[in-house]
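Trainee: Following this line is entry14.tsv, made up of TSV, C-alpha atoms:
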chain	number	residue	atom	x	y	z
A	1	MET	CA	-46.98	-46.04	88.96
A	2	ARG	CA	-44.94	-46.30	92.11
A	3	ILE	CA	-41.52	-44.71	91.82
A	4	ILE	CA	-38.83	-46.15	94.03
A	5	THR	CA	-35.53	-44.39	94.73
A	6	HIS	CA	-32.46	-44.81	96.87
A	7	ALA	CA	-30.43	-41.91	98.32
A	8	CYS	CA	-26.67	-42.30	98.64
A	9	PRO	CA	-25.77	-42.14	102.35
A	10	ALA	CA	-22.44	-40.53	101.49
A	11	CYS	CA	-23.23	-37.79	98.95
A	12	GLY	CA	-27.03	-37.60	98.88
A	13	THR	CA	-27.38	-38.38	95.17
A	14	VAL	CA	-30.74	-40.00	94.54
A	15	VAL	CA	-30.84	-43.04	92.22
A	16	ALA	CA	-34.03	-44.45	90.66
A	17	ALA	CA	-34.70	-48.14	91.22
A	18	ASN	CA	-34.74	-48.82	87.48
A	19	GLU	CA	-31.14	-47.62	87.32
A	20	LEU	CA	-30.14	-49.76	90.31
A	21	GLU	CA	-31.88	-52.82	88.90
A	22	SER	CA	-30.34	-52.49	85.45
A	23	ARG	CA	-26.84	-52.46	86.93
A	24	ARG	CA	-27.39	-54.49	90.11
A	25	VAL	CA	-24.08	-53.14	91.51
A	26	MET	CA	-22.87	-49.67	90.59
A	27	LYS	CA	-20.44	-47.01	91.72
A	28	CYS	CA	-22.38	-44.02	93.00
A	29	PRO	CA	-23.13	-41.73	90.03
A	30	GLY	CA	-22.46	-38.71	92.26
A	31	LEU	CA	-19.23	-37.17	91.03
A	32	HIS	CA	-16.16	-38.19	93.07
A	33	CYS	CA	-18.31	-40.32	95.42
A	34	GLU	CA	-16.75	-43.71	96.16
A	35	GLU	CA	-19.90	-45.32	97.56
A	36	VAL	CA	-21.15	-48.51	95.91
A	37	HIS	CA	-24.89	-49.04	95.46
A	38	ARG	CA	-26.68	-52.33	95.03
A	39	PHE	CA	-30.21	-53.21	94.03
A	40	ASP	CA	-30.19	-55.09	97.32
A	41	ASP	CA	-29.90	-51.75	99.16
A	42	LEU	CA	-33.63	-51.29	98.57
A	43	GLU	CA	-36.10	-52.61	101.14
A	44	ASP	CA	-37.31	-56.19	100.51
A	45	GLU	CA	-40.81	-54.95	99.79
A	46	GLU	CA	-39.51	-52.32	97.33
A	47	ARG	CA	-37.44	-54.88	95.46
A	48	GLU	CA	-40.35	-57.27	95.32
A	49	HIS	CA	-42.68	-54.56	93.98
A	50	PHE	CA	-40.13	-53.49	91.38
A	51	LEU	CA	-39.50	-57.00	90.13
A	52	GLU	CA	-43.21	-57.83	89.96
A	53	ASN	CA	-43.79	-54.71	87.83
A	54	LYS	CA	-40.48	-54.71	86.00
A	55	ASP	CA	-42.04	-54.16	82.55
A	56	GLN	CA	-43.47	-50.82	83.66
A	57	TYR	CA	-40.02	-49.54	84.53
A	58	ARG	CA	-38.69	-50.37	81.08
A	59	ILE	CA	-41.25	-48.38	79.12
B	1	MET	CA	-40.07	-23.90	98.00
B	2	LYS	CA	-37.60	-26.05	96.08
B	3	GLY	CA	-36.62	-26.24	92.42
B	4	LEU	CA	-36.35	-29.21	90.12
B	5	ILE	CA	-34.57	-28.92	86.78
B	6	LEU	CA	-34.95	-31.76	84.30
B	7	ALA	CA	-31.64	-32.29	82.53
B	8	GLY	CA	-32.08	-35.71	80.94
B	9	GLY	CA	-32.96	-36.53	77.35
B	10	ARG	CA	-30.82	-37.65	74.47
B	11	GLY	CA	-30.66	-34.38	72.56
B	12	THR	CA	-31.03	-36.22	69.24
B	13	ARG	CA	-32.17	-33.10	67.38
B	14	LEU	CA	-28.94	-31.34	68.35
B	15	ARG	CA	-26.57	-34.00	67.06
B	16	PRO	CA	-23.66	-34.00	66.43
B	17	ILE	CA	-23.23	-31.32	69.12
B	18	THR	CA	-24.82	-33.68	71.67
B	19	HIS	CA	-22.62	-36.64	70.73
B	20	THR	CA	-20.02	-35.18	73.07
B	21	GLY	CA	-22.07	-33.32	75.66
B	22	PRO	CA	-25.58	-32.84	77.02
B	23	LYS	CA	-27.92	-30.39	75.31
B	24	GLN	CA	-28.34	-28.49	78.58
B	25	LEU	CA	-24.72	-27.32	78.35
B	26	VAL	CA	-25.01	-25.93	74.82
B	27	PRO	CA	-24.03	-22.26	75.11
B	28	VAL	CA	-26.45	-19.43	74.45
B	29	ALA	CA	-24.73	-16.04	74.54
B	30	ASN	CA	-21.72	-17.81	76.06
B	31	LYS	CA	-23.65	-19.36	78.93
B	32	PRO	CA	-24.95	-22.95	79.09
B	33	VAL	CA	-28.73	-23.10	78.73
B	34	LEU	CA	-29.01	-24.82	82.12
B	35	GLU	CA	-27.60	-21.79	83.92
B	36	TYR	CA	-30.54	-19.66	82.79
B	37	ALA	CA	-32.90	-22.04	84.62
B	38	ILE	CA	-30.80	-21.84	87.78
B	39	GLU	CA	-30.76	-18.04	87.59
B	40	ASP	CA	-34.55	-17.92	87.16
B	41	LEU	CA	-35.10	-20.16	90.19
B	42	LYS	CA	-32.67	-18.12	92.25
B	43	GLU	CA	-34.40	-14.91	91.22
B	44	ALA	CA	-37.67	-16.43	92.50
B	45	GLY	CA	-35.97	-17.04	95.87
B	46	ILE	CA	-35.37	-20.76	95.32
B	47	THR	CA	-31.89	-21.96	96.27
B	48	GLU	CA	-32.41	-25.68	96.98
B	49	ILE	CA	-32.37	-27.25	93.55
B	50	GLY	CA	-32.58	-30.86	92.38
B	51	ILE	CA	-31.15	-31.65	88.96
B	52	VAL	CA	-32.61	-34.75	87.34
B	53	LEU	CA	-30.08	-36.52	85.12
B	54	GLY	CA	-30.64	-39.18	82.49
B	55	ASN	CA	-28.15	-41.59	81.00
B	56	LEU	CA	-26.15	-39.09	78.97
B	57	GLY	CA	-24.00	-36.19	80.08
B	58	ARG	CA	-24.32	-36.87	83.80
B	59	GLU	CA	-20.67	-36.29	84.58
B	60	ALA	CA	-20.41	-33.18	82.39
B	61	ILE	CA	-23.35	-31.51	84.14
B	62	GLN	CA	-22.04	-32.41	87.59
B	63	GLU	CA	-18.56	-31.19	86.65
B	64	HIS	CA	-20.00	-27.90	85.45
B	65	LEU	CA	-22.40	-27.16	88.31
B	66	GLY	CA	-20.65	-28.93	91.20
B	67	ASP	CA	-22.59	-28.58	94.43
B	68	GLY	CA	-24.00	-25.27	93.25
B	69	THR	CA	-21.83	-23.06	95.44
B	70	ASP	CA	-20.42	-21.15	92.46
B	71	PHE	CA	-23.98	-20.30	91.44
B	72	GLY	CA	-25.23	-19.40	94.92
B	73	VAL	CA	-27.49	-22.46	95.21
B	74	GLU	CA	-27.40	-25.92	96.78
B	75	ILE	CA	-27.70	-28.77	94.27
B	76	THR	CA	-28.80	-32.37	94.78
B	77	TYR	CA	-28.47	-34.73	91.82
B	78	ILE	CA	-31.22	-37.21	91.02
B	79	ILE	CA	-30.45	-40.03	88.59
B	80	GLN	CA	-33.53	-40.96	86.63
B	81	GLY	CA	-31.70	-43.25	84.22
B	82	ASN	CA	-33.99	-44.23	81.37
B	83	PRO	CA	-36.26	-41.43	80.10
B	84	LEU	CA	-39.57	-42.71	81.47
B	85	GLY	CA	-41.40	-39.39	81.20
B	86	LEU	CA	-41.66	-36.04	83.00
B	87	ALA	CA	-43.93	-37.49	85.70
B	88	HIS	CA	-41.36	-40.22	86.38
B	89	ALA	CA	-38.65	-37.56	86.65
B	90	ALA	CA	-40.80	-35.62	89.13
B	91	GLY	CA	-41.56	-38.81	91.05
B	92	CYS	CA	-37.84	-39.56	91.42
B	93	ALA	CA	-37.55	-36.25	93.30
B	94	GLU	CA	-40.06	-37.02	96.07
B	95	GLU	CA	-37.35	-37.71	98.64
B	96	PHE	CA	-35.49	-34.51	97.70
B	97	VAL	CA	-38.68	-32.41	97.75
B	98	ASP	CA	-39.48	-33.77	101.21
B	99	GLY	CA	-42.99	-32.34	101.56
B	100	ASP	CA	-42.28	-28.87	100.13
B	101	ASP	CA	-43.82	-27.21	97.10
B	102	PHE	CA	-41.50	-27.13	94.11
B	103	VAL	CA	-41.02	-25.56	90.69
B	104	MET	CA	-40.29	-27.97	87.85
B	105	TYR	CA	-38.37	-26.49	84.95
B	106	LEU	CA	-37.18	-28.10	81.72
B	107	GLY	CA	-33.43	-27.57	81.63
B	108	ASP	CA	-33.25	-26.75	77.91
B	109	ASN	CA	-35.80	-23.94	78.09
B	110	ILE	CA	-35.11	-20.22	78.36
B	111	LEU	CA	-37.70	-17.72	79.50
B	112	GLU	CA	-37.31	-13.97	79.20
B	113	GLY	CA	-39.54	-13.23	82.17
B	114	GLY	CA	-38.39	-15.93	84.61
B	115	VAL	CA	-40.68	-17.86	87.00
B	116	THR	CA	-41.31	-15.32	89.75
B	117	ASP	CA	-44.85	-14.46	88.56
B	118	LEU	CA	-45.76	-18.15	88.40
B	119	VAL	CA	-44.45	-18.80	91.91
B	120	GLU	CA	-46.15	-15.71	93.39
B	121	SER	CA	-49.48	-16.55	91.75
B	122	PHE	CA	-49.30	-20.14	93.07
B	123	GLU	CA	-48.53	-18.95	96.58
B	124	THR	CA	-51.55	-16.64	96.75
B	125	GLY	CA	-54.04	-19.53	96.81
B	126	ASP	CA	-54.52	-23.09	97.99
B	127	HIS	CA	-53.50	-24.74	94.75
B	128	ALA	CA	-52.32	-28.29	94.12
B	129	ALA	CA	-50.33	-27.14	91.10
B	130	GLY	CA	-49.58	-24.15	88.91
B	131	ILE	CA	-48.77	-24.14	85.22
B	132	ALA	CA	-47.01	-21.58	83.07
B	133	LEU	CA	-48.88	-20.71	79.89
B	134	GLN	CA	-48.09	-18.70	76.85
B	135	ARG	CA	-50.33	-17.47	74.04
B	136	VAL	CA	-49.45	-19.22	70.78
B	137	GLU	CA	-50.71	-18.93	67.23
B	138	ASN	CA	-50.86	-22.71	66.67
B	139	PRO	CA	-52.47	-24.21	69.82
B	140	GLN	CA	-53.27	-27.39	67.89
B	141	GLN	CA	-49.59	-28.31	68.26
B	142	PHE	CA	-49.42	-27.93	72.06
B	143	GLY	CA	-50.97	-29.04	75.29
B	144	VAL	CA	-53.62	-26.36	75.82
B	145	ALA	CA	-55.34	-25.11	78.99
B	146	ASP	CA	-58.86	-23.79	79.34
B	147	VAL	CA	-58.81	-21.28	82.23
B	148	ASP	CA	-61.40	-19.07	83.92
B	149	GLU	CA	-61.04	-15.33	84.51
B	150	ASP	CA	-59.02	-15.91	87.73
B	151	GLY	CA	-56.51	-18.09	85.92
B	152	THR	CA	-57.82	-21.29	87.51
B	153	VAL	CA	-57.48	-24.18	85.09
B	154	LYS	CA	-60.74	-25.88	84.05
B	155	GLU	CA	-59.36	-28.39	81.57
B	156	LEU	CA	-56.15	-29.55	79.89
B	157	VAL	CA	-56.22	-30.88	76.34
B	158	GLU	CA	-53.26	-32.36	74.48
B	159	LYS	CA	-52.87	-31.13	70.88
B	160	PRO	CA	-56.61	-30.48	70.36
B	161	ASP	CA	-58.25	-30.23	66.93
B	162	ASP	CA	-60.63	-27.66	68.39
B	163	PRO	CA	-58.57	-25.81	71.05
B	164	PRO	CA	-60.55	-24.22	73.91
B	165	SER	CA	-57.99	-21.38	74.07
B	166	ASN	CA	-54.67	-20.32	72.60
B	167	LEU	CA	-52.88	-20.82	75.94
B	168	ALA	CA	-50.17	-23.46	75.59
B	169	LEU	CA	-48.33	-25.25	78.40
B	170	ILE	CA	-44.67	-24.36	78.12
B	171	GLY	CA	-43.20	-27.02	80.41
B	172	ILE	CA	-42.75	-25.02	83.61
B	173	TYR	CA	-44.83	-25.99	86.63
B	174	VAL	CA	-45.24	-25.46	90.36
B	175	PHE	CA	-46.40	-28.46	92.35
B	176	SER	CA	-47.55	-29.17	95.86
B	177	PRO	CA	-46.63	-32.62	97.23
B	178	ALA	CA	-50.12	-33.75	96.09
B	179	ILE	CA	-48.54	-34.36	92.68
B	180	PHE	CA	-46.78	-37.46	94.02
B	181	ASP	CA	-50.08	-39.16	94.89
B	182	ALA	CA	-51.33	-38.31	91.41
B	183	ILE	CA	-48.19	-39.76	89.81
B	184	GLU	CA	-48.62	-43.00	91.73
B	185	THR	CA	-52.02	-43.52	90.09
B	186	LEU	CA	-50.66	-43.09	86.55
B	187	GLU	CA	-50.13	-45.75	83.93
B	188	PRO	CA	-47.73	-45.26	81.00
B	189	SER	CA	-49.26	-43.38	78.07
B	190	TRP	CA	-49.58	-44.60	74.47
B	191	ARG	CA	-46.03	-43.38	73.87
B	192	GLY	CA	-44.74	-45.34	76.83
B	193	GLU	CA	-44.07	-42.49	79.25
B	194	LEU	CA	-45.54	-41.25	82.51
B	195	GLU	CA	-47.06	-37.95	81.37
B	196	ILE	CA	-47.06	-34.94	83.67
B	197	THR	CA	-50.20	-33.61	81.98
B	198	ASP	CA	-51.97	-36.85	83.00
B	199	ALA	CA	-50.88	-36.24	86.60
B	200	ILE	CA	-52.22	-32.67	86.51
B	201	GLN	CA	-55.43	-33.88	84.89
B	202	SER	CA	-55.76	-36.42	87.70
B	203	LEU	CA	-55.54	-33.56	90.24
B	204	LEU	CA	-58.24	-31.69	88.32
B	205	ASP	CA	-60.44	-34.80	88.24
B	206	ASP	CA	-60.08	-35.02	92.02
B	207	GLY	CA	-61.43	-31.49	92.30
B	208	ARG	CA	-58.08	-29.92	93.20
B	209	SER	CA	-57.36	-26.33	92.21
B	210	ILE	CA	-54.78	-25.76	89.45
B	211	ASP	CA	-53.47	-22.23	89.07
B	212	SER	CA	-51.98	-20.74	85.92
B	213	ALA	CA	-49.82	-17.76	85.04
B	214	ILE	CA	-49.39	-16.37	81.57
B	215	VAL	CA	-45.72	-15.87	80.77
B	216	GLU	CA	-45.07	-12.59	79.04
B	217	GLY	CA	-41.98	-12.08	76.90
B	218	TRP	CA	-40.31	-14.74	74.86
B	219	TRP	CA	-39.85	-18.40	75.70
B	220	LYS	CA	-37.58	-20.75	73.82
B	221	ASP	CA	-37.04	-24.51	73.85
B	222	THR	CA	-33.48	-24.97	72.60
B	223	GLY	CA	-33.95	-28.49	71.26
B	224	LYS	CA	-32.83	-27.83	67.68
B	225	PRO	CA	-29.91	-25.89	66.12
B	226	GLU	CA	-32.22	-23.17	64.77
B	227	ASP	CA	-33.74	-22.82	68.26
B	228	VAL	CA	-30.28	-22.34	69.78
B	229	LEU	CA	-29.54	-19.58	67.24
B	230	GLU	CA	-32.90	-17.96	67.94
B	231	ALA	CA	-32.37	-18.10	71.72
B	232	ASN	CA	-28.88	-16.68	71.22
B	233	ARG	CA	-30.36	-13.83	69.18
B	234	LEU	CA	-33.02	-13.11	71.81
B	235	VAL	CA	-30.55	-13.12	74.72
B	236	LEU	CA	-28.02	-10.97	72.83
B	237	GLU	CA	-30.71	-8.34	72.26
B	238	ASP	CA	-30.08	-7.45	75.91
B	239	ALA	CA	-26.26	-7.49	75.70
B	240	LEU	CA	-24.82	-4.69	77.80
B	241	GLY	CA	-21.58	-4.09	75.96
B	242	THR	CA	-19.43	-4.98	78.96
B	243	VAL	CA	-15.75	-4.91	78.06
B	244	ASN	CA	-13.36	-6.74	80.38
B	245	GLY	CA	-10.96	-7.75	77.63
B	246	THR	CA	-8.92	-5.71	75.15
B	247	ILE	CA	-10.12	-3.81	72.10
B	248	GLU	CA	-7.09	-2.58	70.18
B	249	ASP	CA	-6.99	0.84	68.59
B	250	GLY	CA	-8.09	0.43	65.01
B	251	ALA	CA	-10.65	-2.29	65.76
B	252	ASP	CA	-14.00	-1.15	64.40
B	253	ILE	CA	-16.74	-1.85	66.98
B	254	THR	CA	-20.40	-0.93	66.61
B	255	GLY	CA	-23.35	-1.81	68.85
B	256	GLN	CA	-23.31	-3.81	72.08
B	257	VAL	CA	-20.29	-6.10	72.21
B	258	ASP	CA	-19.49	-8.03	75.40
B	259	VAL	CA	-15.79	-8.83	75.62
B	260	ALA	CA	-14.79	-11.18	78.45
B	261	GLU	CA	-11.52	-11.13	80.36
B	262	GLY	CA	-8.45	-12.16	78.40
B	263	ALA	CA	-10.19	-11.73	75.04
B	264	ILE	CA	-8.65	-9.49	72.40
B	265	ILE	CA	-10.11	-7.83	69.33
B	266	GLU	CA	-7.14	-6.86	67.22
B	267	ASP	CA	-6.50	-3.77	65.15
B	268	GLY	CA	-8.29	-4.17	61.80
B	269	ALA	CA	-11.11	-6.44	63.01
B	270	VAL	CA	-14.70	-5.33	62.48
B	271	VAL	CA	-17.40	-6.30	64.99
B	272	ARG	CA	-21.07	-5.37	64.64
B	273	GLY	CA	-23.05	-6.07	67.80
B	274	PRO	CA	-24.84	-7.49	69.49
B	275	VAL	CA	-22.01	-9.96	69.91
B	276	SER	CA	-20.67	-11.93	72.88
B	277	ILE	CA	-16.97	-12.79	72.99
B	278	GLY	CA	-15.87	-15.27	75.66
B	279	GLU	CA	-12.73	-15.41	77.76
B	280	ASP	CA	-9.37	-15.66	76.02
B	281	VAL	CA	-10.86	-15.40	72.54
B	282	ARG	CA	-8.69	-13.89	69.82
B	283	ILE	CA	-10.32	-11.98	66.97
B	284	THR	CA	-7.63	-11.08	64.44
B	285	ALA	CA	-7.35	-8.33	61.84
B	286	ASP	CA	-9.45	-8.80	58.69
B	287	THR	CA	-12.11	-10.64	60.66
B	288	TYR	CA	-15.74	-9.56	60.47
B	289	LEU	CA	-18.08	-10.61	63.28
B	290	GLY	CA	-21.68	-9.80	62.45
B	291	PRO	CA	-24.74	-9.36	64.70
B	292	TYR	CA	-26.05	-12.16	66.92
B	293	THR	CA	-22.77	-14.03	67.14
B	294	SER	CA	-21.34	-15.66	70.27
B	295	ILE	CA	-17.76	-16.88	70.33
B	296	GLY	CA	-16.91	-19.38	73.09
B	297	ALA	CA	-13.93	-19.13	75.42
B	298	GLY	CA	-10.51	-19.98	74.06
B	299	SER	CA	-11.52	-19.70	70.40
B	300	THR	CA	-9.58	-18.01	67.62
B	301	ILE	CA	-11.30	-16.31	64.70
B	302	GLU	CA	-8.71	-15.42	62.10
B	303	SER	CA	-9.44	-13.43	58.93
B	304	ALA	CA	-12.95	-14.87	58.79
B	305	HIS	CA	-16.50	-13.62	58.30
B	306	VAL	CA	-18.92	-14.96	60.94
B	307	GLU	CA	-22.44	-13.78	61.69
B	308	ASN	CA	-25.60	-15.00	63.44
B	309	THR	CA	-23.61	-17.96	64.70
B	310	VAL	CA	-22.88	-19.73	67.98
B	311	VAL	CA	-19.32	-21.00	68.36
B	312	ALA	CA	-18.62	-23.17	71.42
B	313	GLY	CA	-15.27	-23.01	73.21
B	314	ASP	CA	-11.77	-23.66	71.89
B	315	ALA	CA	-12.80	-23.53	68.23
B	316	THR	CA	-10.62	-22.20	65.44
B	317	ILE	CA	-12.05	-20.53	62.35
B	318	ARG	CA	-9.61	-19.46	59.69
B	319	THR	CA	-11.30	-19.31	56.29
B	320	SER	CA	-12.39	-16.85	53.63
B	321	VAL	CA	-15.75	-18.60	53.36
B	322	LYS	CA	-18.57	-16.60	55.00
B	323	ILE	CA	-20.07	-18.47	57.92
B	324	VAL	CA	-23.67	-17.54	58.77
B	325	ASP	CA	-26.56	-19.10	60.75
B	326	SER	CA	-24.27	-21.83	62.09
B	327	LEU	CA	-23.74	-23.80	65.28
B	328	ILE	CA	-20.11	-24.84	65.70
B	329	GLY	CA	-19.13	-27.30	68.41
B	330	GLU	CA	-16.32	-27.27	70.93
B	331	SER	CA	-12.76	-27.56	69.62
B	332	ALA	CA	-13.94	-27.60	66.00
B	333	THR	CA	-11.50	-26.33	63.36
B	334	ILE	CA	-12.62	-24.67	60.15
B	335	ASP	CA	-9.56	-23.92	58.08
B	336	THR	CA	-8.99	-22.60	54.59
B	337	ALA	CA	-8.50	-24.89	51.60
B	338	ASP	CA	-7.57	-21.98	49.31
B	339	ASP	CA	-3.94	-22.99	48.77
B	340	LEU	CA	-4.43	-26.75	48.69
B	341	LEU	CA	-4.23	-28.91	45.59
B	342	PRO	CA	-6.18	-30.55	44.17
B	343	GLU	CA	-8.83	-27.86	44.68
B	344	GLY	CA	-11.75	-28.82	46.84
B	345	LYS	CA	-13.13	-28.94	50.36
B	346	ARG	CA	-11.54	-31.23	52.96
B	347	LEU	CA	-14.01	-32.58	55.49
B	348	VAL	CA	-13.85	-34.74	58.57
B	349	VAL	CA	-17.51	-34.86	59.46
B	350	GLY	CA	-19.12	-36.80	62.28
B	351	GLU	CA	-22.38	-38.69	62.35
B	352	ASN	CA	-25.50	-36.51	62.01
B	353	SER	CA	-23.50	-33.43	60.94
B	354	GLN	CA	-25.16	-30.98	58.58
B	355	LEU	CA	-23.13	-28.95	56.07
B	356	LYS	CA	-24.25	-26.56	53.34
B	357	LEU	CA	-21.24	-25.88	51.14
Just dump the structure as structure tokens.
Mentor:
Amino acid sequence: MRIITHACPACGTVVAANELESRRVMKCPGLHCEEVHRFDDLEDEEREHFLENKDQYRI
Amino acid sequence: MKGLILAGGRGTRLRPITHTGPKQLVPVANKPVLEYAIEDLKEAGITEIGIVLGNLGREAIQEHLGDGTDFGVEITYIIQGNPLGLAHAAGCAEEFVDGDDFVMYLGDNILEGGVTDLVESFETGDHAAGIALQRVENPQQFGVADVDEDGTVKELVEKPDDPPSNLALIGIYVFSPAIFDAIETLEPSWRGELEITDAIQSLLDDGRSIDSAIVEGWWKDTGKPEDVLEANRLVLEDALGTVNGTIEDGADITGQVDVAEGAIIEDGAVVRGPVSIGEDVRITADTYLGPYTSIGAGSTIESAHVENTVVAGDATIRTSVKIVDSLIGESATIDTADDLLPEGKRLVVGENSQLKL
């Protein structure tokens, strides 16, 4: 199973795509980091792959 | 080499303690379990550490560890979110690992011997992975490895009826970046998780070499209250008896008793080590603290009898009832009902609490 992640450009905290997708827009979970992450921050191809295989990421 | 500590999970078997905090911060001998993993990695020369966090307790763990400076390491946090399995947790760390080898360590485990032997054994050969093993009496209940005389793994079997050896996987691994290719080929298992043993088996099936190291000394998974007490007992066996606090004249102390700064054991108290007393703890006269007890910072133990017990911080115990074999959470109060009418116990007990009165 392909695992897709996104690293916060401000604090370096890595967030799994399943977490980004479930919230769509979220404040960075890195403590005291003000960055906002969006599912749309992922590459088009990554988003497409995730959505096509969404059930796998909800096991 | 880098380190990866898995600190997700719901901690359901440690409720109600884990209703208010992650299981990885439960204290063992007055130190959160997670810190033992960090110390082991550091001892093996690993200072770049990724901490994988789940849905619960993220903030508490980040608050406690910060960027790692206080512990002499550099920490990157990796948010796994839903618990999709150990292989998923490892896969989330690919960007952090960035082509290095890495040790993966379950954050609620404590090992007496650390991980240095495992790391050194892995580094002596061209291995795709290394696994820590321990001899167990009931291999049918574990993932078991069949190894040759050099320690190279021939086969992994999950909870076998007819185990090929008594060497159980204890949840500590070293991986080369080859593990990420193996993870990508995995499908969720029957229990709906990406299994790390499946990823290692996939490496074996591809003809890759898997090393093993047998861990000597004790190993403890602190998933249940009795495991926390057992780990506390094992760690306290090595208590040094370091006294940075105050022991008043007339306090009766025997055995190894660690007393942290600001703590006071008053005249008339009796303490039988090994015992660990945290910062700013007050042990009053007429109190008895028995062996294998840890009292968390800021707690007060007043005219009570406590033994083989772990008390987290800021708790108050003031009762004539003997407290043994217990795990008492942060800021809990156990007071006496001796003078109250009508006679009887007064309880405010949270969900999943366990009391034996």
Trainee: Looking at all atoms listed in the file, which of B:Ile295, B:Leu194, B:Ala128, B:Met1 is the one that sits closest to chain A?
Mentor: B:Leu194
Trainee: Measuring atom to atom with all atoms listed in the file, identify which of B:Thr185, B:Thr309, B:Thr284, B:Thr336 is nearest to chain A.
Mentor: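 That would be B:Thr185, the residue with the smallest distance to chain A.
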Trainee: Counting all atoms listed in the file, figure out which residue out of B:Ile277, B:Ala37, B:Ile78, B:Leu65 gets nearest to chain A.
Mentor: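 Among the listed residues, B:Ile78 lies closest to chain A.
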Trainee: Tell me the residues of chain B close to chain A, meaning within 12 Å using only C-alpha atoms, as a PyMOL selection string.
Mentor: chain B and resi 50-67+74-85+87-97+180-195+199
Trainee: Pull C-alpha atoms from the residues just selected and write them as a short mmCIF file (atom, residue, chain, number, x, y, z; two decimals), in the frame of the given file.
Mentor:
data_model
loop_
_atom_site.label_atom_id
_atom_site.label_comp_id
_atom_site.auth_asym_id
_atom_site.auth_seq_id
_atom_site.Cartn_x
_atom_site.Cartn_y
_atom_site.Cartn_z
CA GLY B 50 -32.58 -30.86 92.38
CA ILE B 51 -31.15 -31.65 88.96
CA VAL B 52 -32.61 -34.75 87.34
CA LEU B 53 -30.08 -36.52 85.12
CA GLY B 54 -30.64 -39.18 82.49
CA ASN B 55 -28.15 -41.59 81.00
CA LEU B 56 -26.15 -39.09 78.97
CA GLY B 57 -24.00 -36.19 80.08
CA ARG B 58 -24.32 -36.87 83.80
CA GLU B 59 -20.67 -36.29 84.58
CA ALA B 60 -20.41 -33.18 82.39
CA ILE B 61 -23.35 -31.51 84.14
CA GLN B 62 -22.04 -32.41 87.59
CA GLU B 63 -18.56 -31.19 86.65
CA HIS B 64 -20.00 -27.90 85.45
CA LEU B 65 -22.40 -27.16 88.31
CA GLY B 66 -20.65 -28.93 91.20
CA ASP B 67 -22.59 -28.58 94.43
CA GLU B 74 -27.40 -25.92 96.78
CA ILE B 75 -27.70 -28.77 94.27
CA THR B 76 -28.80 -32.37 94.78
CA TYR B 77 -28.47 -34.73 91.82
CA ILE B 78 -31.22 -37.21 91.02
CA ILE B 79 -30.45 -40.03 88.59
CA GLN B 80 -33.53 -40.96 86.63
CA GLY B 81 -31.70 -43.25 84.22
CA ASN B 82 -33.99 -44.23 81.37
CA PRO B 83 -36.26 -41.43 80.10
CA LEU B 84 -39.57 -42.71 81.47
CA GLY B 85 -41.40 -39.39 81.20
CA ALA B 87 -43.93 -37.49 85.70
CA HIS B 88 -41.36 -40.22 86.38
CA ALA B 89 -38.65 -37.56 86.65
CA ALA B 90 -40.80 -35.62 89.13
CA GLY B 91 -41.56 -38.81 91.05
CA CYS B 92 -37.84 -39.56 91.42
CA ALA B 93 -37.55 -36.25 93.30
CA GLU B 94 -40.06 -37.02 96.07
CA GLU B 95 -37.35 -37.71 98.64
CA PHE B 96 -35.49 -34.51 97.70
CA VAL B 97 -38.68 -32.41 97.75
CA PHE B 180 -46.78 -37.46 94.02
CA ASP B 181 -50.08 -39.16 94.89
CA ALA B 182 -51.33 -38.31 91.41
CA ILE B 183 -48.19 -39.76 89.81
CA GLU B 184 -48.62 -43.00 91.73
CA THR B 185 -52.02 -43.52 90.09
CA LEU B 186 -50.66 -43.09 86.55
CA GLU B 187 -50.13 -45.75 83.93
CA PRO B 188 -47.73 -45.26 81.00
CA SER B 189 -49.26 -43.38 78.07
CA TRP B 190 -49.58 -44.60 74.47
CA ARG B 191 -46.03 -43.38 73.87
CA GLY B 192 -44.74 -45.34 76.83
CA GLU B 193 -44.07 -42.49 79.25
CA LEU B 194 -45.54 -41.25 82.51
CA GLU B 195 -47.06 -37.95 81.37
CA ALA B 199 -50.88 -36.24 86.60
#
Trainee: Skip segment 130-141 of chain B itself and residues of its chain fewer than 5 positions away, then list as an NGL selection string all residues within 10 Å of it, counting all atoms listed in the file.
Mentor: :B and (103-104 or 115 or 117-119 or 121-123 or 151-153 or 157-176 or 200 or 209-219)
Trainee: Considering all atoms listed in the file, can you say which of A:Cys8, A:Cys28, A:Cys33, A:Phe39 comes closest to Leu51 of chain A?
Mentor: A:Phe39
Trainee: How would segment 12-16 of chain B look written as a PDB file, in the first residue's frame with N, CA and C atoms?
Mentor:
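What ended up in part_4.pdb:
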ATOM      1  N   THR B  12      -6.165   1.367  25.521  1.00  0.00           N
ATOM      2  CA  THR B  12      -7.448   0.967  26.140  1.00  0.00           C
ATOM      3  C   THR B  12      -7.248   0.103  27.378  1.00  0.00           C
ATOM      4  N   ARG B  13      -6.171  -0.699  27.386  1.00  0.00           N
ATOM      5  CA  ARG B  13      -5.980  -1.604  28.530  1.00  0.00           C
ATOM      6  C   ARG B  13      -5.459  -0.861  29.761  1.00  0.00           C
ATOM      7  N   LEU B  14      -5.110   0.410  29.571  1.00  0.00           N
ATOM      8  CA  LEU B  14      -4.630   1.203  30.716  1.00  0.00           C
ATOM      9  C   LEU B  14      -5.657   2.251  31.151  1.00  0.00           C
ATOM     10  N   ARG B  15      -6.873   2.129  30.657  1.00  0.00           N
ATOM     11  CA  ARG B  15      -7.902   3.062  31.132  1.00  0.00           C
ATOM     12  C   ARG B  15      -8.217   2.765  32.589  1.00  0.00           C
ATOM     13  N   PRO B  16      -8.551   3.757  33.402  1.00  0.00           N
ATOM     14  CA  PRO B  16      -8.821   5.151  33.050  1.00  0.00           C
ATOM     15  C   PRO B  16      -7.572   6.044  32.974  1.00  0.00           C
TER      16      PRO B  16
END
